[in-house]
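Listing of start.cif; format and content: mmCIF, C-alpha atoms.
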```cif
data_data
loop_
_atom_site.group_PDB
_atom_site.id
_atom_site.type_symbol
_atom_site.label_atom_id
_atom_site.label_comp_id
_atom_site.auth_asym_id
_atom_site.auth_seq_id
_atom_site.Cartn_x
_atom_site.Cartn_y
_atom_site.Cartn_z
ATOM 1 C CA MET N 1 22.176 -20.623 13.868
ATOM 2 C CA GLN N 2 19.896 -18.191 15.695
ATOM 3 C CA SER N 3 21.611 -18.777 19.088
ATOM 4 C CA ASN N 4 25.024 -17.753 17.678
ATOM 5 C CA MET N 5 23.681 -14.429 16.359
ATOM 6 C CA PRO N 6 25.060 -11.324 18.123
ATOM 7 C CA LEU N 7 22.721 -9.613 20.631
ATOM 8 C CA SER N 8 20.939 -6.522 19.383
ATOM 9 C CA SER N 9 21.675 -3.182 21.072
ATOM 10 C CA MET N 10 18.259 -3.260 22.707
ATOM 11 C CA GLU N 11 18.901 -6.647 24.357
ATOM 12 C CA VAL N 12 22.398 -5.648 25.462
ATOM 13 C CA GLU N 13 21.000 -2.558 27.265
ATOM 14 C CA ALA N 14 18.232 -4.561 28.946
ATOM 15 C CA ALA N 15 20.544 -7.220 30.349
ATOM 16 C CA PRO N 16 22.346 -5.201 33.097
ATOM 17 C CA SER N 17 19.085 -3.526 34.303
ATOM 18 C CA GLU N 18 17.644 -6.932 35.307
ATOM 19 C CA ALA N 19 20.510 -7.491 37.711
ATOM 20 C CA LYS N 20 19.728 -4.290 39.635
ATOM 21 C CA LEU N 21 17.771 -4.680 42.870
ATOM 22 C CA LEU N 22 14.312 -3.107 43.045
ATOM 23 C CA PRO N 23 13.978 -0.138 45.400
ATOM 24 C CA PRO N 24 12.192 -0.849 48.725
ATOM 25 C CA LYS N 25 8.430 -0.347 48.828
ATOM 26 C CA PRO N 26 7.406 3.039 50.187
ATOM 27 C CA LYS N 27 5.634 2.982 53.556
ATOM 28 C CA PHE N 28 2.802 5.456 53.895
ATOM 29 C CA GLU N 29 0.975 6.263 57.095
ATOM 30 C CA PRO N 30 -2.791 5.578 56.923
ATOM 31 C CA LEU N 31 -4.791 8.647 55.946
ATOM 32 C CA LYS N 32 -6.822 10.371 58.633
ATOM 33 C CA ALA N 33 -10.468 11.263 58.155
ATOM 34 C CA HIS N 34 -9.827 14.955 57.423
ATOM 35 C CA GLU N 35 -7.055 14.061 54.938
ATOM 36 C CA MET N 36 -9.413 11.806 52.942
ATOM 37 C CA SER N 37 -11.625 14.790 52.204
ATOM 38 C CA ASP N 38 -8.615 17.003 51.250
ATOM 39 C CA GLY N 39 -8.646 18.678 54.660
ATOM 40 C CA GLN N 40 -12.234 19.888 54.215
ATOM 41 C CA VAL N 41 -14.526 19.742 57.234
ATOM 42 C CA GLN N 42 -17.672 17.695 56.602
ATOM 43 C CA PHE N 43 -21.030 18.641 58.105
ATOM 44 C CA ARG N 44 -24.366 16.987 58.859
ATOM 45 C CA LYS N 45 -27.510 18.751 60.105
ATOM 46 C CA VAL N 46 -30.470 17.037 61.789
ATOM 47 C CA SER N 47 -33.736 18.940 62.210
ATOM 48 C CA VAL N 48 -35.380 18.940 65.649
ATOM 49 C CA PRO N 49 -39.209 18.561 65.532
ATOM 50 C CA GLN N 50 -41.239 20.738 67.896
ATOM 51 C CA HIS N 51 -42.344 17.815 70.112
ATOM 52 C CA ARG N 52 -38.752 16.486 70.543
ATOM 53 C CA TYR N 53 -37.261 19.796 71.725
ATOM 54 C CA ASN N 54 -37.806 19.198 75.478
ATOM 55 C CA PRO N 55 -36.706 15.517 75.410
ATOM 56 C CA LEU N 56 -33.536 16.660 73.572
ATOM 57 C CA LYS N 57 -32.810 19.226 76.307
ATOM 58 C CA LYS N 58 -33.116 16.577 79.033
ATOM 59 C CA ALA N 59 -31.042 13.953 77.209
ATOM 60 C CA TRP N 60 -28.447 16.341 75.716
ATOM 61 C CA MET N 61 -25.469 15.090 77.775
ATOM 62 C CA ASP N 62 -26.351 11.439 77.008
ATOM 63 C CA ILE N 63 -26.246 12.302 73.287
ATOM 64 C CA TYR N 64 -23.234 14.644 73.475
ATOM 65 C CA THR N 65 -20.867 12.372 75.461
ATOM 66 C CA PRO N 66 -20.633 9.319 73.114
ATOM 67 C CA ILE N 67 -20.556 11.507 69.988
ATOM 68 C CA TYR N 68 -17.838 13.906 71.201
ATOM 69 C CA GLU N 69 -15.678 11.604 73.316
ATOM 70 C CA GLN N 70 -15.950 8.211 71.602
ATOM 71 C CA MET N 71 -16.750 8.998 67.959
ATOM 72 C CA LYS N 72 -14.581 12.194 67.968
ATOM 73 C CA ILE N 73 -17.230 14.319 66.238
ATOM 74 C CA ASP N 74 -18.065 17.924 67.150
ATOM 75 C CA ILE N 75 -21.742 18.507 67.973
ATOM 76 C CA ARG N 76 -23.768 21.599 68.808
ATOM 77 C CA MET N 77 -27.383 22.707 68.934
ATOM 78 C CA ASN N 78 -28.256 25.623 66.646
ATOM 79 C CA LEU N 79 -31.102 27.263 68.586
ATOM 80 C CA LYS N 80 -31.947 29.713 65.811
ATOM 81 C CA ALA N 81 -32.303 27.091 63.062
ATOM 82 C CA ARG N 82 -33.535 24.395 65.506
ATOM 83 C CA LYS N 83 -31.039 21.885 64.148
ATOM 84 C CA VAL N 84 -28.369 19.661 65.657
ATOM 85 C CA GLU N 85 -25.126 20.282 63.745
ATOM 86 C CA LEU N 86 -22.312 17.728 63.483
ATOM 87 C CA LYS N 87 -18.849 18.125 61.959
ATOM 88 C CA THR N 88 -15.608 16.173 61.653
ATOM 89 C CA ARG N 89 -12.439 17.004 63.618
ATOM 90 C CA PRO N 90 -8.765 16.539 62.685
ATOM 91 C CA ASP N 91 -8.592 13.590 65.130
ATOM 92 C CA THR N 92 -11.759 11.842 63.842
ATOM 93 C CA PRO N 93 -10.578 8.233 63.326
ATOM 94 C CA ASP N 94 -13.057 7.285 60.583
ATOM 95 C CA ILE N 95 -15.071 9.404 58.125
ATOM 96 C CA SER N 96 -18.083 7.053 58.517
ATOM 97 C CA ASN N 97 -18.415 8.145 62.171
ATOM 98 C CA LEU N 98 -20.089 11.363 60.998
ATOM 99 C CA GLN N 99 -22.936 9.511 59.257
ATOM 100 C CA LYS N 100 -23.307 7.094 62.180
ATOM 101 C CA CYS N 101 -23.700 10.035 64.578
ATOM 102 C CA ALA N 102 -26.241 11.708 62.264
ATOM 103 C CA ASP N 103 -28.255 8.437 62.151
ATOM 104 C CA PHE N 104 -28.086 8.183 65.957
ATOM 105 C CA VAL N 105 -29.414 11.738 66.467
ATOM 106 C CA HIS N 106 -32.071 11.221 63.774
ATOM 107 C CA ALA N 107 -33.244 7.997 65.475
ATOM 108 C CA PHE N 108 -33.628 9.909 68.757
ATOM 109 C CA MET N 109 -35.702 12.566 66.964
ATOM 110 C CA MET N 110 -37.990 9.810 65.653
ATOM 111 C CA GLY N 111 -38.749 8.777 69.229
ATOM 112 C CA PHE N 112 -36.347 5.908 69.992
ATOM 113 C CA ASP N 113 -34.809 5.739 73.483
ATOM 114 C CA ILE N 114 -31.138 6.710 73.867
ATOM 115 C CA ILE N 115 -30.146 3.186 74.941
ATOM 116 C CA ASP N 116 -31.722 1.743 71.775
ATOM 117 C CA ALA N 117 -30.552 4.449 69.345
ATOM 118 C CA ILE N 118 -26.938 4.305 70.627
ATOM 119 C CA ALA N 119 -26.664 0.814 69.087
ATOM 120 C CA LEU N 120 -26.387 2.619 65.703
ATOM 121 C CA LEU N 121 -22.970 3.915 66.856
ATOM 122 C CA ARG N 122 -21.775 0.527 68.096
ATOM 123 C CA MET N 123 -22.948 -1.767 65.270
ATOM 124 C CA ASP N 124 -22.687 -1.470 61.486
ATOM 125 C CA GLU N 125 -25.631 -3.541 60.260
ATOM 126 C CA LEU N 126 -28.445 -1.598 61.912
ATOM 127 C CA TYR N 127 -30.974 0.509 60.012
ATOM 128 C CA VAL N 128 -34.104 2.547 60.647
ATOM 129 C CA GLU N 129 -37.070 1.952 58.344
ATOM 130 C CA SER N 130 -40.157 4.161 58.357
ATOM 131 C CA PHE N 131 -43.571 3.792 56.752
ATOM 132 C CA GLU N 132 -47.097 5.082 57.235
ATOM 133 C CA ILE N 133 -50.302 3.153 57.847
ATOM 134 C CA LYS N 134 -51.805 4.612 54.651
ATOM 135 C CA ASP N 135 -48.938 3.007 52.661
ATOM 136 C CA VAL N 136 -50.368 -0.397 53.646
ATOM 137 C CA LYS N 137 -54.103 0.334 53.680
ATOM 138 C CA THR N 138 -56.156 3.511 53.319
ATOM 139 C CA LEU N 139 -57.971 3.928 56.648
ATOM 140 C CA ARG N 140 -59.844 6.896 58.056
ATOM 141 C CA GLY N 141 -61.565 7.888 61.286
ATOM 142 C CA ASP N 142 -62.401 5.082 63.727
ATOM 143 C CA HIS N 143 -60.954 2.425 61.406
ATOM 144 C CA LEU N 144 -57.549 4.169 61.614
ATOM 145 C CA SER N 145 -57.806 4.472 65.421
ATOM 146 C CA ARG N 146 -58.620 0.759 65.738
ATOM 147 C CA ALA N 147 -55.641 -0.157 63.491
ATOM 148 C CA ILE N 148 -53.277 1.894 65.718
ATOM 149 C CA GLY N 149 -54.838 0.151 68.750
ATOM 150 C CA ARG N 150 -54.221 -3.289 67.167
ATOM 151 C CA LEU N 151 -50.561 -2.366 66.533
ATOM 152 C CA SER N 152 -49.944 -1.409 70.169
ATOM 153 C CA GLY N 153 -52.224 -3.878 71.936
ATOM 154 C CA LYS N 154 -53.406 -3.485 75.513
ATOM 155 C CA GLY N 155 -50.657 -1.584 77.386
ATOM 156 C CA GLY N 156 -48.293 -2.020 74.423
ATOM 157 C CA LYS N 157 -48.404 -5.837 74.741
ATOM 158 C CA THR N 158 -48.523 -6.564 70.994
ATOM 159 C CA LYS N 159 -45.748 -4.076 70.166
ATOM 160 C CA PHE N 160 -43.462 -5.515 72.874
ATOM 161 C CA ALA N 161 -44.148 -9.076 71.691
ATOM 162 C CA ILE N 162 -43.115 -8.202 68.110
ATOM 163 C CA GLU N 163 -40.019 -6.323 69.396
ATOM 164 C CA ASN N 164 -38.859 -9.236 71.559
ATOM 165 C CA ALA N 165 -39.530 -11.893 68.918
ATOM 166 C CA THR N 166 -37.741 -10.023 66.103
ATOM 167 C CA LYS N 167 -34.987 -8.272 68.150
ATOM 168 C CA THR N 168 -36.080 -4.861 66.854
ATOM 169 C CA ARG N 169 -37.371 -1.612 68.371
ATOM 170 C CA ILE N 170 -40.634 -0.073 67.155
ATOM 171 C CA VAL N 171 -41.951 3.477 67.524
ATOM 172 C CA ILE N 172 -45.589 4.203 66.647
ATOM 173 C CA ALA N 173 -45.928 7.976 66.242
ATOM 174 C CA ASP N 174 -49.515 8.756 65.209
ATOM 175 C CA THR N 175 -49.838 7.144 61.731
ATOM 176 C CA LYS N 176 -46.060 6.753 61.201
ATOM 177 C CA ILE N 177 -44.196 3.601 62.208
ATOM 178 C CA HIS N 178 -40.396 3.481 62.669
ATOM 179 C CA ILE N 179 -38.493 0.182 63.032
ATOM 180 C CA LEU N 180 -34.859 -0.063 64.219
ATOM 181 C CA GLY N 181 -32.980 -3.318 63.647
ATOM 182 C CA SER N 182 -31.058 -5.474 61.177
ATOM 183 C CA PHE N 183 -32.327 -5.855 57.605
ATOM 184 C CA ALA N 184 -33.785 -9.375 58.034
ATOM 185 C CA ASN N 185 -35.384 -8.600 61.414
ATOM 186 C CA ILE N 186 -36.968 -5.384 60.120
ATOM 187 C CA LYS N 187 -38.630 -7.398 57.338
ATOM 188 C CA ILE N 188 -40.182 -9.862 59.825
ATOM 189 C CA ALA N 189 -41.396 -7.033 62.112
ATOM 190 C CA ARG N 190 -42.794 -5.086 59.145
ATOM 191 C CA ASP N 191 -44.706 -8.131 57.861
ATOM 192 C CA SER N 192 -46.271 -8.647 61.314
ATOM 193 C CA LEU N 193 -47.250 -4.968 61.591
ATOM 194 C CA CYS N 194 -48.733 -4.998 58.068
ATOM 195 C CA SER N 195 -50.827 -8.049 58.947
ATOM 196 C CA LEU N 196 -52.220 -6.210 61.984
ATOM 197 C CA ILE N 197 -53.004 -3.116 59.864
ATOM 198 C CA MET N 198 -54.814 -5.302 57.316
ATOM 199 C CA GLY N 199 -57.049 -6.594 60.126
ATOM 200 C CA SER N 200 -55.470 -9.867 61.312
ATOM 201 C CA PRO N 201 -56.178 -10.662 64.975
ATOM 202 C CA ALA N 202 -53.159 -10.478 67.332
ATOM 203 C CA GLY N 203 -53.322 -14.231 68.116
ATOM 204 C CA LYS N 204 -52.823 -15.166 64.464
ATOM 205 C CA VAL N 205 -49.838 -12.771 64.170
ATOM 206 C CA TYR N 206 -48.273 -14.241 67.355
ATOM 207 C CA SER N 207 -48.479 -17.812 66.017
ATOM 208 C CA LYS N 208 -46.942 -16.748 62.688
ATOM 209 C CA LEU N 209 -44.160 -14.909 64.565
ATOM 210 C CA ARG N 210 -43.420 -18.001 66.659
ATOM 211 C CA ALA N 211 -43.041 -20.098 63.491
ATOM 212 C CA VAL N 212 -40.761 -17.527 61.812
ATOM 213 C CA THR N 213 -38.548 -17.004 64.889
ATOM 214 C CA ALA N 214 -38.233 -20.801 65.372
ATOM 215 C CA ARG N 215 -37.101 -21.083 61.733
ATOM 216 C CA LEU N 216 -34.574 -18.258 62.273
ATOM 217 C CA ALA N 217 -33.218 -19.941 65.408
ATOM 218 C CA GLU N 218 -32.657 -23.187 63.452
ATOM 219 C CA ARG N 219 -30.818 -21.309 60.681
ATOM 220 C CA PHE N 220 -28.356 -19.731 63.115
#
```
Could you render the structure as structure tokens?
Amino acid sequence: MQSNMPLSSMEVEAAPSEAKLLPPKPKFEPLKAHEMSDGQVQFRKVSVPQHRYNPLKKAWMDIYTPIYEQMKIDIRMNLKARKVELKTRPDTPDISNLQKCADFVHAFMMGFDIIDAIALLRMDELYVESFEIKDVKTLRGDHLSRAIGRLSGKGGKTKFAIENATKTRIVIADTKIHILGSFANIKIARDSLCSLIMGSPAGKVYSKLRAVTARLAERF
């Protein structure tokens, strides 16, 4: 009974439209960095501390070349404000390049070598973590000096051992400590440094590091 009923006007109109072919999908060119931000130029400014002014002068071309030529970011030194200024260009391939360059310059200002800091431009999963000795334990006077001595070791031996075992880079600037590396490696290095600040002898920290690095090697 129901199958013999005449089609309603609505169904009759819908029938021919199904037979029509769908229009081809539009093809859009990928957006460029400056188009993502509606054509607005994006800026970053990195302050230059007093003690890093001369090292920045000497290493300027080593900083300028990868940022300008490879990352396609404009860079200049504002002498009046004592800041390194970065901005995007119309041919910047990726908007994230600006932040990478700012992190690279900031890492240099913290005291990392150019060859270590430049890894921030090349790799995505690298970070810089900073903390102070007083965040771990409140030390003053000779106790603080001895803690800094324990962190470095004789001729930097302890610091280099932690760096090599954890594949990180460490800068000890007075009471501030900066660690450059991947998230997991930073955690291992930070734990070792905290143990030294708390008063653990270097030998005990080395043996713990060997156990942790052996476990990491098995995992990968």
Picked residues, the PyMOL selection byres ((chain N and resi 108-116) around 12), as an MDAnalysis selection string | chainID N and resid 46:66 83:84 101:107 117:123 126:130 163 167:174 176:181
Can you spit out the residues from that selection as a PDB file, keeping the file's coordinate frame, using C-alpha atoms?
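Resulting contents of selection-v7.pdb:
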```pdb
ATOM      1  CA  VAL N  46     -30.470  17.037  61.789  1.00  0.00           C
ATOM      2  CA  SER N  47     -33.736  18.940  62.210  1.00  0.00           C
ATOM      3  CA  VAL N  48     -35.380  18.940  65.649  1.00  0.00           C
ATOM      4  CA  PRO N  49     -39.209  18.561  65.532  1.00  0.00           C
ATOM      5  CA  GLN N  50     -41.239  20.738  67.896  1.00  0.00           C
ATOM      6  CA  HIS N  51     -42.344  17.815  70.112  1.00  0.00           C
ATOM      7  CA  ARG N  52     -38.752  16.486  70.543  1.00  0.00           C
ATOM      8  CA  TYR N  53     -37.261  19.796  71.725  1.00  0.00           C
ATOM      9  CA  ASN N  54     -37.806  19.198  75.478  1.00  0.00           C
ATOM     10  CA  PRO N  55     -36.706  15.517  75.410  1.00  0.00           C
ATOM     11  CA  LEU N  56     -33.536  16.660  73.572  1.00  0.00           C
ATOM     12  CA  LYS N  57     -32.810  19.226  76.307  1.00  0.00           C
ATOM     13  CA  LYS N  58     -33.116  16.577  79.033  1.00  0.00           C
ATOM     14  CA  ALA N  59     -31.042  13.953  77.209  1.00  0.00           C
ATOM     15  CA  TRP N  60     -28.447  16.341  75.716  1.00  0.00           C
ATOM     16  CA  MET N  61     -25.469  15.090  77.775  1.00  0.00           C
ATOM     17  CA  ASP N  62     -26.351  11.439  77.008  1.00  0.00           C
ATOM     18  CA  ILE N  63     -26.246  12.302  73.287  1.00  0.00           C
ATOM     19  CA  TYR N  64     -23.234  14.644  73.475  1.00  0.00           C
ATOM     20  CA  THR N  65     -20.867  12.372  75.461  1.00  0.00           C
ATOM     21  CA  PRO N  66     -20.633   9.319  73.114  1.00  0.00           C
ATOM     22  CA  LYS N  83     -31.039  21.885  64.148  1.00  0.00           C
ATOM     23  CA  VAL N  84     -28.369  19.661  65.657  1.00  0.00           C
ATOM     24  CA  CYS N 101     -23.700  10.035  64.578  1.00  0.00           C
ATOM     25  CA  ALA N 102     -26.241  11.708  62.264  1.00  0.00           C
ATOM     26  CA  ASP N 103     -28.255   8.437  62.151  1.00  0.00           C
ATOM     27  CA  PHE N 104     -28.086   8.183  65.957  1.00  0.00           C
ATOM     28  CA  VAL N 105     -29.414  11.738  66.467  1.00  0.00           C
ATOM     29  CA  HIS N 106     -32.071  11.221  63.774  1.00  0.00           C
ATOM     30  CA  ALA N 107     -33.244   7.997  65.475  1.00  0.00           C
ATOM     31  CA  ALA N 117     -30.552   4.449  69.345  1.00  0.00           C
ATOM     32  CA  ILE N 118     -26.938   4.305  70.627  1.00  0.00           C
ATOM     33  CA  ALA N 119     -26.664   0.814  69.087  1.00  0.00           C
ATOM     34  CA  LEU N 120     -26.387   2.619  65.703  1.00  0.00           C
ATOM     35  CA  LEU N 121     -22.970   3.915  66.856  1.00  0.00           C
ATOM     36  CA  ARG N 122     -21.775   0.527  68.096  1.00  0.00           C
ATOM     37  CA  MET N 123     -22.948  -1.767  65.270  1.00  0.00           C
ATOM     38  CA  LEU N 126     -28.445  -1.598  61.912  1.00  0.00           C
ATOM     39  CA  TYR N 127     -30.974   0.509  60.012  1.00  0.00           C
ATOM     40  CA  VAL N 128     -34.104   2.547  60.647  1.00  0.00           C
ATOM     41  CA  GLU N 129     -37.070   1.952  58.344  1.00  0.00           C
ATOM     42  CA  SER N 130     -40.157   4.161  58.357  1.00  0.00           C
ATOM     43  CA  GLU N 163     -40.019  -6.323  69.396  1.00  0.00           C
ATOM     44  CA  LYS N 167     -34.987  -8.272  68.150  1.00  0.00           C
ATOM     45  CA  THR N 168     -36.080  -4.861  66.854  1.00  0.00           C
ATOM     46  CA  ARG N 169     -37.371  -1.612  68.371  1.00  0.00           C
ATOM     47  CA  ILE N 170     -40.634  -0.073  67.155  1.00  0.00           C
ATOM     48  CA  VAL N 171     -41.951   3.477  67.524  1.00  0.00           C
ATOM     49  CA  ILE N 172     -45.589   4.203  66.647  1.00  0.00           C
ATOM     50  CA  ALA N 173     -45.928   7.976  66.242  1.00  0.00           C
ATOM     51  CA  ASP N 174     -49.515   8.756  65.209  1.00  0.00           C
ATOM     52  CA  LYS N 176     -46.060   6.753  61.201  1.00  0.00           C
ATOM     53  CA  ILE N 177     -44.196   3.601  62.208  1.00  0.00           C
ATOM     54  CA  HIS N 178     -40.396   3.481  62.669  1.00  0.00           C
ATOM     55  CA  ILE N 179     -38.493   0.182  63.032  1.00  0.00           C
ATOM     56  CA  LEU N 180     -34.859  -0.063  64.219  1.00  0.00           C
ATOM     57  CA  GLY N 181     -32.980  -3.318  63.647  1.00  0.00           C
TER      58      GLY N 181
END
```
Using the chain letters and residue numbers of this document, give as a PyMOL selection string the residues selected by the PyMOL selection byres ((chain N and resi 132-137) around 9).
-> chain N and resi 130-131+138-139+144+147-148+175-178+194+197-198
For N:Phe43, which residue among N:Thr213, N:Ile73, N:Lys187, N:Ser192 is the nearest when counting only C-alpha atoms?
->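 Among the listed residues, the smallest separation from N:Phe43 belongs to N:Ile73.
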Residues near stretch 86-96 of chain N, cut-off 8 Å, only C-alpha atoms, skip fewer than 3 positions along chain, as a list in words | Lys32, Ala33, His34, Val41, Gln42, Phe43, Arg44, Lys45, Met71, Lys72, Ile73, Asp74, Ile75, Arg76, Gln99, Lys100, Cys101 and Ala102 of chain N
When you draw a straight line from atom CA of N:Leu193 to atom CA of N:Ser145, how long is it in Å?
->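 Atom CA of N:Ser145 lies 14.7 Å from atom CA of N:Leu193.
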Pick out the closest residue to N:Arg215 from this set: N:Ser152, N:Asp142, N:Glu85, N:Thr166. Count all atoms listed in the file.
->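 Going through N:Ser152, N:Asp142, N:Glu85, N:Thr166 one by one, the smallest distance to N:Arg215 is for N:Thr166.
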Here atom CA of N:Gly149 and atom CA of N:Ala217 stand apart by 29.7 Å
